[in-house]
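Source file: model_19.csv. Holds: CSV, C-alpha atoms and all ligand atoms.
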chain,number,residue,atom,x,y,z
A,1,MET,CA,-36.5,16.2,71.3
A,2,THR,CA,-38.9,17.7,68.8
A,3,ALA,CA,-39.7,16.8,65.3
A,4,SER,CA,-37.7,19.7,64.0
A,5,HIS,CA,-34.6,18.3,65.7
A,6,VAL,CA,-34.7,15.1,63.8
A,7,ASN,CA,-31.6,14.7,61.7
A,8,PHE,CA,-28.9,12.2,60.7
A,9,ALA,CA,-27.3,12.3,64.2
A,10,THR,CA,-30.6,11.6,66.0
A,11,PHE,CA,-31.4,8.9,63.5
A,12,VAL,CA,-28.3,6.9,64.2
A,13,GLN,CA,-28.5,7.6,67.9
A,14,THR,CA,-30.0,5.2,70.4
A,15,ARG,CA,-32.5,6.5,72.9
A,16,ASP,CA,-33.9,5.7,76.3
A,17,ARG,CA,-36.9,3.4,76.5
A,18,PRO,CA,-37.8,0.5,78.8
A,19,ALA,CA,-36.8,-3.0,78.0
A,20,PRO,CA,-39.4,-5.0,76.1
A,21,THR,CA,-41.8,-7.4,77.6
A,22,SER,CA,-42.2,-9.2,74.4
A,23,ILE,CA,-41.5,-8.7,70.7
A,24,ASN,CA,-43.9,-9.8,68.1
A,25,VAL,CA,-41.7,-11.2,65.2
A,26,LYS,CA,-44.6,-12.6,63.2
A,27,ARG,CA,-44.3,-11.4,59.7
A,28,LEU,CA,-47.3,-9.5,58.4
A,29,LYS,CA,-47.2,-10.7,54.8
A,30,GLY,CA,-47.0,-7.9,52.3
A,31,GLN,CA,-47.4,-5.2,54.9
A,32,ALA,CA,-44.3,-3.1,55.4
A,33,ILE,CA,-45.6,-0.5,57.7
A,34,VAL,CA,-48.6,-0.8,60.0
A,35,ALA,CA,-49.5,1.9,62.5
A,36,GLN,CA,-52.4,1.5,64.9
A,37,GLY,CA,-53.9,4.1,67.2
A,38,VAL,CA,-50.8,6.3,67.1
A,39,GLU,CA,-51.2,9.4,69.4
A,40,MET,CA,-48.6,12.1,70.1
A,41,VAL,CA,-48.9,14.7,72.8
A,42,TYR,CA,-46.2,17.3,73.1
A,43,HIS,CA,-45.8,19.0,76.5
A,44,SER,CA,-44.5,22.5,76.5
A,45,GLY,CA,-44.6,24.3,79.8
A,46,SER,CA,-47.9,23.5,81.5
A,47,GLN,CA,-49.6,23.0,78.2
A,48,ASP,CA,-50.3,19.7,76.4
A,49,TYR,CA,-50.6,19.8,72.7
A,50,GLN,CA,-52.0,16.7,71.0
A,51,VAL,CA,-50.7,16.5,67.4
A,52,LEU,CA,-51.8,12.9,66.5
A,53,ARG,CA,-55.1,11.6,67.7
A,54,GLY,CA,-55.2,8.0,66.8
A,55,VAL,CA,-53.5,7.4,63.4
A,56,ASP,CA,-54.1,4.1,61.6
A,57,LEU,CA,-52.0,3.4,58.6
A,58,THR,CA,-51.1,0.4,56.5
A,59,ILE,CA,-48.5,0.6,53.7
A,60,HIS,CA,-47.7,-2.4,51.5
A,61,GLN,CA,-44.3,-3.6,50.4
A,62,GLY,CA,-43.1,-2.0,47.2
A,63,ASP,CA,-45.6,0.8,47.4
A,64,ILE,CA,-44.9,4.5,47.2
A,65,HIS,CA,-47.1,6.2,49.8
A,66,LEU,CA,-47.5,9.9,50.1
A,67,LEU,CA,-48.2,11.6,53.3
A,68,MET,CA,-49.7,15.1,52.8
A,69,GLY,CA,-51.3,17.7,55.0
A,70,PRO,CA,-51.1,21.3,56.0
A,71,SER,CA,-48.0,22.8,57.7
A,72,GLY,CA,-48.0,22.0,61.4
A,73,SER,CA,-50.4,19.0,61.0
A,74,GLY,CA,-47.8,16.6,62.4
A,75,LYS,CA,-46.3,15.0,59.2
A,76,THR,CA,-42.7,15.1,60.4
A,77,THR,CA,-43.8,13.9,63.9
A,78,LEU,CA,-45.6,10.9,62.4
A,79,LEU,CA,-42.7,10.1,60.0
A,80,SER,CA,-40.3,10.3,63.0
A,81,ILE,CA,-42.5,7.9,65.0
A,82,LEU,CA,-42.8,5.5,62.1
A,83,ALA,CA,-39.0,5.5,61.8
A,84,GLY,CA,-38.6,4.9,65.5
A,85,ILE,CA,-36.9,8.2,66.1
A,86,LEU,CA,-39.7,9.6,68.3
A,87,THR,CA,-41.7,7.5,70.8
A,88,PRO,CA,-45.5,7.9,70.5
A,89,THR,CA,-47.6,8.7,73.5
A,90,ALA,CA,-49.9,5.8,72.6
A,91,GLY,CA,-50.3,3.2,69.8
A,92,SER,CA,-48.2,0.7,68.0
A,93,VAL,CA,-45.9,0.7,65.0
A,94,ASN,CA,-45.1,-2.6,63.2
A,95,LEU,CA,-42.4,-2.5,60.5
A,96,LEU,CA,-41.6,-5.5,58.3
A,97,GLY,CA,-43.6,-7.7,60.8
A,98,GLN,CA,-41.8,-6.4,64.0
A,99,GLU,CA,-43.4,-4.3,66.6
A,100,ILE,CA,-40.8,-1.4,66.9
A,101,THR,CA,-42.8,0.2,69.7
A,102,GLN,CA,-42.0,-2.9,71.9
A,103,MET,CA,-38.3,-2.9,71.2
A,104,SER,CA,-35.5,-2.0,73.6
A,105,ARG,CA,-33.3,1.0,72.7
A,106,GLU,CA,-30.5,-1.3,71.3
A,107,GLN,CA,-32.9,-3.5,69.3
A,108,LEU,CA,-34.6,-0.4,67.8
A,109,ALA,CA,-31.3,1.3,66.9
A,110,HIS,CA,-30.1,-1.9,65.2
A,111,PHE,CA,-33.4,-2.4,63.5
A,112,ARG,CA,-33.4,1.1,62.2
A,113,LEU,CA,-29.9,0.9,60.8
A,114,GLN,CA,-30.6,-2.4,59.1
A,115,ASN,CA,-34.0,-1.6,57.6
A,116,ILE,CA,-34.7,2.1,57.2
A,117,GLY,CA,-33.1,4.7,55.0
A,118,PHE,CA,-34.2,8.3,56.1
A,119,ILE,CA,-33.9,11.3,53.8
A,120,PHE,CA,-34.1,14.4,56.0
A,121,GLN,CA,-35.8,17.7,55.2
A,122,GLY,CA,-33.1,20.1,53.9
A,123,PHE,CA,-30.5,17.5,52.9
A,124,ASN,CA,-28.7,17.4,56.3
A,125,LEU,CA,-25.3,16.7,54.8
A,126,PHE,CA,-22.1,17.2,56.8
A,127,PRO,CA,-20.7,20.4,55.2
A,128,ALA,CA,-17.0,19.6,55.7
A,129,LEU,CA,-17.3,16.1,54.2
A,130,THR,CA,-17.3,15.3,50.4
A,131,ALA,CA,-20.2,13.6,48.8
A,132,SER,CA,-18.4,10.3,49.1
A,133,GLU,CA,-17.4,10.9,52.7
A,134,ASN,CA,-21.0,11.7,53.6
A,135,VAL,CA,-22.1,8.3,52.2
A,136,GLU,CA,-19.0,6.5,53.7
A,137,ILE,CA,-19.9,7.7,57.2
A,138,ALA,CA,-23.4,6.2,56.9
A,139,LEU,CA,-21.9,2.9,55.7
A,140,LYS,CA,-19.5,3.0,58.7
A,141,VAL,CA,-22.4,3.6,61.1
A,142,LYS,CA,-24.3,0.7,59.5
A,143,GLY,CA,-21.3,-1.6,60.2
A,144,VAL,CA,-19.6,-1.9,56.8
A,145,ARG,CA,-16.0,-2.7,57.6
A,146,GLY,CA,-12.9,-1.4,55.9
A,147,ALA,CA,-12.2,2.1,54.6
A,148,SER,CA,-11.5,1.0,51.0
A,149,ASN,CA,-14.6,-1.2,51.0
A,150,ARG,CA,-16.7,1.7,52.2
A,151,ARG,CA,-15.2,4.0,49.6
A,152,ARG,CA,-16.0,1.5,46.9
A,153,GLN,CA,-19.6,1.1,48.1
A,154,ALA,CA,-20.1,4.9,48.4
A,155,HIS,CA,-18.9,5.2,44.8
A,156,GLU,CA,-21.4,2.6,43.7
A,157,LEU,CA,-24.2,4.3,45.5
A,158,LEU,CA,-23.3,7.7,44.1
A,159,THR,CA,-23.2,6.1,40.7
A,160,GLN,CA,-26.7,4.8,41.3
A,161,VAL,CA,-27.9,8.3,41.8
A,162,LYS,CA,-25.9,9.5,38.8
A,163,LEU,CA,-23.3,11.5,40.8
A,164,ASP,CA,-20.2,9.5,39.9
A,165,ASP,CA,-18.6,12.7,38.5
A,166,ARG,CA,-19.2,14.5,41.8
A,167,ILE,CA,-17.9,12.1,44.5
A,168,ASN,CA,-15.2,14.4,45.8
A,169,HIS,CA,-17.2,17.6,45.8
A,170,LEU,CA,-18.2,19.3,49.1
A,171,PRO,CA,-21.9,20.0,49.6
A,172,ARG,CA,-21.4,23.7,49.0
A,173,ASP,CA,-20.1,22.9,45.5
A,174,LEU,CA,-23.2,20.9,44.6
A,175,SER,CA,-26.6,22.1,43.4
A,176,GLY,CA,-29.7,21.5,45.5
A,177,GLY,CA,-30.7,18.5,43.4
A,178,GLN,CA,-27.3,17.0,43.6
A,179,LYS,CA,-27.2,17.5,47.4
A,180,GLN,CA,-30.6,15.8,47.6
A,181,ARG,CA,-29.2,12.9,45.5
A,182,VAL,CA,-26.2,12.6,47.9
A,183,ALA,CA,-28.8,12.4,50.8
A,184,ILE,CA,-30.6,9.6,48.9
A,185,ALA,CA,-27.3,7.7,48.3
A,186,ARG,CA,-26.6,8.0,52.0
A,187,ALA,CA,-30.1,6.7,52.9
A,188,LEU,CA,-29.5,3.8,50.5
A,189,ALA,CA,-26.4,2.7,52.4
A,190,GLY,CA,-26.9,-0.8,53.8
A,191,ASN,CA,-29.7,-1.4,51.2
A,192,PRO,CA,-32.7,-0.8,53.5
A,193,GLN,CA,-36.1,-2.2,52.6
A,194,ILE,CA,-37.9,0.9,53.7
A,195,MET,CA,-37.1,4.5,52.6
A,196,MET,CA,-38.7,7.5,54.3
A,197,ALA,CA,-38.3,11.0,53.0
A,198,ASP,CA,-39.3,14.3,54.5
A,199,GLU,CA,-40.1,16.8,51.8
A,200,PRO,CA,-37.5,15.5,49.4
A,201,THR,CA,-38.3,17.9,46.6
A,202,ALA,CA,-39.3,21.0,48.6
A,203,ALA,CA,-36.1,22.9,48.0
A,204,LEU,CA,-35.7,21.9,44.3
A,205,ASP,CA,-36.5,23.5,41.0
A,206,SER,CA,-38.7,21.7,38.6
A,207,HIS,CA,-35.9,19.9,36.7
A,208,SER,CA,-34.1,18.7,39.9
A,209,GLY,CA,-37.4,17.8,41.5
A,210,HIS,CA,-38.3,15.6,38.6
A,211,ALA,CA,-34.9,13.8,38.7
A,212,VAL,CA,-35.4,13.1,42.4
A,213,ILE,CA,-39.0,11.9,41.9
A,214,GLU,CA,-37.8,9.6,39.1
A,215,LEU,CA,-35.1,8.2,41.4
A,216,LEU,CA,-37.5,7.6,44.3
A,217,ARG,CA,-39.9,5.8,41.8
A,218,GLN,CA,-37.0,3.6,40.6
A,219,LEU,CA,-36.0,2.7,44.1
A,220,ALA,CA,-39.5,1.5,44.9
A,221,LYS,CA,-40.3,-0.3,41.6
A,222,GLU,CA,-37.0,-1.8,40.6
A,223,SER,CA,-36.0,-3.0,44.1
A,224,ASN,CA,-39.5,-3.6,45.7
A,225,ARG,CA,-38.6,-1.1,48.4
A,226,THR,CA,-41.4,0.6,50.4
A,227,VAL,CA,-41.1,4.4,50.0
A,228,LEU,CA,-43.0,6.8,52.4
A,229,ILE,CA,-42.7,10.4,51.4
A,230,VAL,CA,-43.9,13.5,53.3
A,231,THR,CA,-44.6,16.1,50.7
A,232,HIS,CA,-46.5,19.2,49.6
A,233,ASP,CA,-45.5,18.5,46.0
A,234,PRO,CA,-48.4,17.6,43.7
A,235,ARG,CA,-45.9,16.3,41.1
A,236,LEU,CA,-45.2,13.3,43.3
A,237,MET,CA,-48.9,12.2,43.0
A,238,ASP,CA,-48.1,10.9,39.5
A,239,VAL,CA,-45.8,8.2,40.9
A,240,ALA,CA,-47.6,7.4,44.1
A,241,ASP,CA,-49.6,4.2,44.7
A,242,ARG,CA,-51.5,5.8,47.6
A,243,VAL,CA,-51.9,9.2,49.2
A,244,SER,CA,-53.1,10.0,52.7
A,245,SER,CA,-53.6,13.3,54.3
A,246,LEU,CA,-53.1,14.3,57.9
A,247,GLU,CA,-55.8,16.6,59.2
A,248,ASP,CA,-56.7,17.4,62.8
A,249,GLY,CA,-54.5,14.7,64.0
A,250,ILE,CA,-56.3,11.9,62.0
A,251,LEU,CA,-55.3,10.4,58.7
A,252,GLN,CA,-57.7,10.6,55.8
A,253,ASN,CA,-57.1,8.2,52.9
B,301,LIG,N1,-41.6,19.5,71.2
B,301,LIG,C1,-42.7,20.2,70.9
B,301,LIG,N2,-43.5,20.8,71.8
B,301,LIG,C2,-44.6,21.4,71.4
B,301,LIG,N3,-45.1,21.4,70.1
B,301,LIG,C3,-44.3,20.8,69.2
B,301,LIG,C4,-43.1,20.1,69.5
B,301,LIG,N4,-42.6,19.6,68.3
B,301,LIG,C5,-43.5,19.9,67.3
B,301,LIG,N5,-44.5,20.6,67.9
B,301,LIG,C6,-45.7,21.1,67.2
B,301,LIG,O1,-46.4,20.0,66.6
B,301,LIG,C7,-47.0,20.4,65.4
B,301,LIG,C8,-46.6,19.4,64.3
B,301,LIG,O2,-45.2,19.6,64.0
B,301,LIG,P1,-44.6,18.8,62.7
B,301,LIG,O3,-43.2,19.3,62.6
B,301,LIG,O4,-44.8,17.4,62.9
B,301,LIG,O5,-45.5,19.4,61.5
B,301,LIG,P2,-45.4,19.2,60.0
B,301,LIG,O6,-46.7,18.7,59.5
B,301,LIG,O7,-44.2,18.4,59.6
B,301,LIG,O8,-45.2,20.7,59.5
B,301,LIG,P3,-44.4,21.3,58.2
B,301,LIG,O9,-45.3,20.9,57.0
B,301,LIG,O10,-44.4,22.7,58.4
B,301,LIG,O11,-43.1,20.7,58.1
B,301,LIG,C9,-46.6,21.8,65.1
B,301,LIG,O12,-47.7,22.6,65.5
B,301,LIG,C10,-45.4,22.0,66.0
B,301,LIG,O13,-45.3,23.3,66.4
B,302,MG,MG,-42.4,18.8,58.6
Could you express the structure from this file as structure tokens?
Ligand SMILES: Nc1ncnc2c1ncn2[C@@H]1O[C@H](COP(=O)(O)OP(=O)(O)OP(=O)(O)O)[C@@H](O)[C@H]1O
Ligand SMILES: [Mg+2]
Amino acid sequence: MTASHVNFATFVQTRDRPAPTSINVKRLKGQAIVAQGVEMVYHSGSQDYQVLRGVDLTIHQGDIHLLMGPSGSGKTTLLSILAGILTPTAGSVNLLGQEITQMSREQLAHFRLQNIGFIFQGFNLFPALTASENVEIALKVKGVRGASNRRRQAHELLTQVKLDDRINHLPRDLSGGQKQRVAIARALAGNPQIMMADEPTAALDSHSGHAVIELLRQLAKESNRTVLIVTHDPRLMDVADRVSSLEDGILQN
């Protein structure tokens, strides 16, 4: 699987990896995301291509952290590794005090569903499902029981992103900014402590972009969530606590 194939389906999917030898459950106080020595080598044909060359990164709880860098520098790859969607060639990733790089497939799938909300590049909504149904399906995957319960919770989440008047709209009948807010409501299903977003404002005009930025800021500051955003958008720098840039496979702070 490549970084460009990462979507909602791969996020909720489990994947093959060996059983763990040990899991470090020691909680690293105040640190939501700690990556150490992360390397990623892609193999295509007989060629190896090293995208990440030893990335170290610490993100504190409640912070909004921006990850910037030129196109092709490996931002989506790194975000996918930090979310446990891709396995790094080397290095470790600790989320909320747990080494996800040591987890079994099942443990990781469970951990991801409980703790991470992922907002994908280009919305990634199911086109045949309404706004509400797109959120309800995420709630179902996250183990929320009862169709009417899921419907009520989806309505609450869509109200939180100010889309309560659009719950029965299909994605094609929503604007770009509204679709992105459905994607955020879906990522909020299950109330995860960590939100990760891949270029959340890239496809939006200035007004919709501001609304999404304000929403991401609220999610971090009012609920002490950790928000990691991959972006090219300089407007997001106003709300960020920290910015790091990926260049030549290494992170510059
Ligand atoms: N499976 C793969 N095999 C070989 N190379 C790959 C594979 N997947 C991604 N790459 C390459 O790795 C590099 C990093 O890709 P990635 O999608 O992480 O970049 P990015 O920083 O997110 O770029 P963008 O800003 O354009 O979204 C790119 O050069 C890409 O072509
Ligand atoms: Mg990318």
### Query
Hey, which residues come within 12 Å of ligand MG 302 (chain B) if we count all atoms listed in the file? Could you give them as an MDAnalysis selection string?
chainID A and resid 2:7 67:80 120:122 197:200 202 229:232 246
### Computed interatomic separation between atom CA of A:Glu106 and atom CA of A:Ile137 (Å)
19.8 Å
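With all atoms listed in the file as the atoms that count, the residue of A:Leu251, A:Leu95, A:Ala183, A:Met195 with the shortest distance to ligand LIG 301 (chain B) is A:Leu251.
Of note, atom CA of A:Gly62 and atom CA of A:Ala240 are spaced 10.9 Å apart.
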### Task
Just give me the residues with any atom within 12 Å of (-11.2, 7.0, 54.1), file coordinates, counting all atoms listed in the file, written as a ChimeraX atom specification.
/A:129-130,132-137,139-140,145-154,168
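The space separating atom C9 of ligand LIG 301 (chain B) from atom CA of A:Ile116 comes to 24.3 Å.
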### Task
Name the residues in contact with A:Pro127 at a cut-off of 10 Å, using all atoms listed in the file, excluding same-chain residues fewer than 3 positions from it; report them as a list of chain:residue names.
A:Asn124, A:Thr130, A:Ala131, A:Asn134, A:Leu170, A:Pro171, A:Arg172
Keeping only C-alpha atoms, write the selected residues to a file as a short mmCIF file (atom, residue, chain, number, x, y, z; two decimals), in the frame of the given file.
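Produced file result12.cif, reproduced below:
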data_model
loop_
_atom_site.label_atom_id
_atom_site.label_comp_id
_atom_site.auth_asym_id
_atom_site.auth_seq_id
_atom_site.Cartn_x
_atom_site.Cartn_y
_atom_site.Cartn_z
CA ASN A 124 -28.70 17.40 56.30
CA THR A 130 -17.30 15.30 50.40
CA ALA A 131 -20.20 13.60 48.80
CA ASN A 134 -21.00 11.70 53.60
CA LEU A 170 -18.20 19.30 49.10
CA PRO A 171 -21.90 20.00 49.60
CA ARG A 172 -21.40 23.70 49.00
#
### Message
Around the point (-29.7, 16.2, 44.9) (coordinates from the file), which residues reach within 12 Å if we count all atoms listed in the file? Answer as a ChimeraX atom specification.
### Response
/A:119,122-125,131,158,161-163,166,171-186,200-205,207-216
### Query
Which residues, written as a list of chain:residue names, have at least one atom at most 8 Å from A:Arg112, with all atoms listed in the file counted and residues fewer than 2 positions away on the same chain left out?
A:Val12, A:Ala83, A:Gly84, A:Leu108, A:Ala109, A:His110, A:Gln114, A:Asn115, A:Ile116
### Query
Looking at A:Leu57, A:Val243, A:Ile64, A:Val51, which one is nearest to A:Met196, with distances taken over only C-alpha atoms?
A:Ile64
### Message
Calculated over only C-alpha atoms, which of the candidates A:Ser44, A:Asn224, A:Gln50, A:Ser245 has the smallest distance to A:Gly30?
### Response
A:Asn224
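Between ligand LIG 301 (chain B) and the candidates A:Gly91, A:Gly97, A:Gly117, A:Gly249, the tightest atom-to-atom separation, counting all atoms listed in the file, involves A:Gly249.
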### Among listed residues A:Arg217, A:His43, A:Arg105, A:Arg242, nearest ligand LIG 301 (chain B) (using all atoms listed in the file)
A:His43
### Query
Counting all atoms listed in the file, which of A:Asp48, A:Leu66, A:Ile33, A:Pro88 gets nearest to ligand LIG 301 (chain B)?
A:Asp48
